$ cat model_30.cif   # mmCIF, C-alpha atoms
data_query
#
loop_
_atom_site.group_PDB
_atom_site.id
_atom_site.type_symbol
_atom_site.label_atom_id
_atom_site.label_comp_id
_atom_site.auth_asym_id
_atom_site.auth_seq_id
_atom_site.Cartn_x
_atom_site.Cartn_y
_atom_site.Cartn_z
ATOM 1 C CA MET A 1 149.204 71.569 213.091
ATOM 2 C CA ASP A 2 147.124 72.400 210.026
ATOM 3 C CA ILE A 3 149.172 71.062 207.123
ATOM 4 C CA GLU A 4 146.824 72.719 204.605
ATOM 5 C CA ILE A 5 147.769 76.160 205.925
ATOM 6 C CA LEU A 6 151.449 75.363 205.643
ATOM 7 C CA LYS A 7 151.174 73.803 202.179
ATOM 8 C CA SER A 8 149.626 76.995 200.867
ATOM 9 C CA SER A 9 152.533 79.060 202.222
ATOM 10 C CA PHE A 10 155.224 77.109 200.361
ATOM 11 C CA PRO A 11 155.439 78.307 196.758
ATOM 12 C CA ILE A 12 157.533 76.386 194.254
ATOM 13 C CA GLU A 13 160.417 78.888 194.177
ATOM 14 C CA GLY A 14 160.798 79.866 197.793
ATOM 15 C CA LEU A 15 158.806 81.218 200.661
ATOM 16 C CA ASN A 16 156.909 84.476 200.867
ATOM 17 C CA VAL A 17 155.471 84.572 204.380
ATOM 18 C CA THR A 18 154.111 88.103 203.982
ATOM 19 C CA LYS A 19 152.101 87.274 200.849
ATOM 20 C CA ALA A 20 150.958 83.905 202.203
ATOM 21 C CA SER A 21 149.825 85.426 205.511
ATOM 22 C CA ARG A 22 147.735 87.992 203.641
ATOM 23 C CA GLU A 23 146.159 85.299 201.460
ATOM 24 C CA LEU A 24 145.438 83.165 204.539
ATOM 25 C CA ASN A 25 144.099 86.171 206.486
ATOM 26 C CA MET A 26 146.439 85.603 209.431
ATOM 27 C CA ALA A 27 149.260 87.543 211.003
ATOM 28 C CA GLN A 28 152.708 86.986 209.516
ATOM 29 C CA SER A 29 154.009 86.098 212.975
ATOM 30 C CA THR A 30 151.329 83.403 213.327
ATOM 31 C CA LEU A 31 152.259 81.796 210.013
ATOM 32 C CA SER A 32 155.958 81.990 210.884
ATOM 33 C CA SER A 33 155.204 80.304 214.207
ATOM 34 C CA HIS A 34 153.360 77.501 212.386
ATOM 35 C CA ILE A 35 156.358 76.928 210.124
ATOM 36 C CA ILE A 36 158.792 76.936 213.065
ATOM 37 C CA LYS A 37 156.600 74.459 214.946
ATOM 38 C CA LEU A 38 156.477 72.189 211.908
ATOM 39 C CA GLU A 39 160.276 72.336 211.657
ATOM 40 C CA ARG A 40 160.521 71.328 215.320
ATOM 41 C CA ASP A 41 157.997 68.514 214.846
ATOM 42 C CA LEU A 42 159.896 67.196 211.821
ATOM 43 C CA GLY A 43 163.319 67.749 213.353
ATOM 44 C CA CYS A 44 164.712 69.589 210.344
ATOM 45 C CA SER A 45 164.902 73.046 208.836
ATOM 46 C CA LEU A 46 162.469 73.669 205.977
ATOM 47 C CA VAL A 47 163.524 77.255 205.284
ATOM 48 C CA GLU A 48 166.924 78.875 204.807
ATOM 49 C CA ARG A 49 166.554 82.237 206.480
ATOM 50 C CA ASP A 50 169.836 84.001 205.644
ATOM 51 C CA GLY A 51 169.197 86.589 202.972
ATOM 52 C CA SER A 52 166.085 85.913 200.942
ATOM 53 C CA PRO A 53 164.102 83.039 202.510
ATOM 54 C CA ARG A 54 164.093 79.890 200.406
ATOM 55 C CA LEU A 55 163.211 76.275 200.892
ATOM 56 C CA THR A 56 165.861 73.810 201.969
ATOM 57 C CA LEU A 57 166.062 70.388 200.338
ATOM 58 C CA ALA A 58 163.902 69.097 203.203
ATOM 59 C CA GLY A 59 161.441 71.938 202.550
ATOM 60 C CA ARG A 60 161.183 71.041 198.865
ATOM 61 C CA GLU A 61 160.690 67.367 199.762
ATOM 62 C CA PHE A 62 158.024 68.340 202.300
ATOM 63 C CA LEU A 63 156.236 70.410 199.669
ATOM 64 C CA GLU A 64 156.288 67.501 197.232
ATOM 65 C CA VAL A 65 154.960 65.002 199.787
ATOM 66 C CA ALA A 66 152.388 67.408 201.261
ATOM 67 C CA SER A 67 151.029 68.254 197.829
#
$ encode --input "model_30.cif" --output "structure tokens"
Amino acid sequence: MDIEILKSSFPIEGLNVTKASRELNMAQSTLSSHIIKLERDLGCSLVERDGSPRLTLAGREFLEVAS
């Protein structure tokens, strides 16, 4: 798991997988898979996916620690 890739995909006010995947020059599905794998590894949800995707409390804490 490349934490640097995931850190760059977590903006302060939510998650924009499409924009992040373009900036990282990888498929959106690949980046989404990385995030899902990280959630499994950590045992918690980092992203609320109903409606507009946004970080959960755990996601915000992850962003803070990873930064």
$ atom_distance --input "model_30.cif" --atom1 "atom CA of A:Ser32" --atom2 "atom CA of A:Val17"
7.0 Å
$ residues_around --input "model_30.cif" --residues "stretch 41-48 of chain A" --least-positions-apart "5" --cutoff "7 Å" --atoms "all atoms listed in the file" --output "ChimeraX atom specification"
/A:53-56,58-59
$ atom_distance --input "model_30.cif" --atom1 "atom CA of A:Phe62" --atom2 "atom CA of A:His34"
14.4 Å
$ atom_distance --input "model_30.cif" --atom1 "atom CA of A:Ala20" --atom2 "atom CA of A:Leu57"
20.4 Å
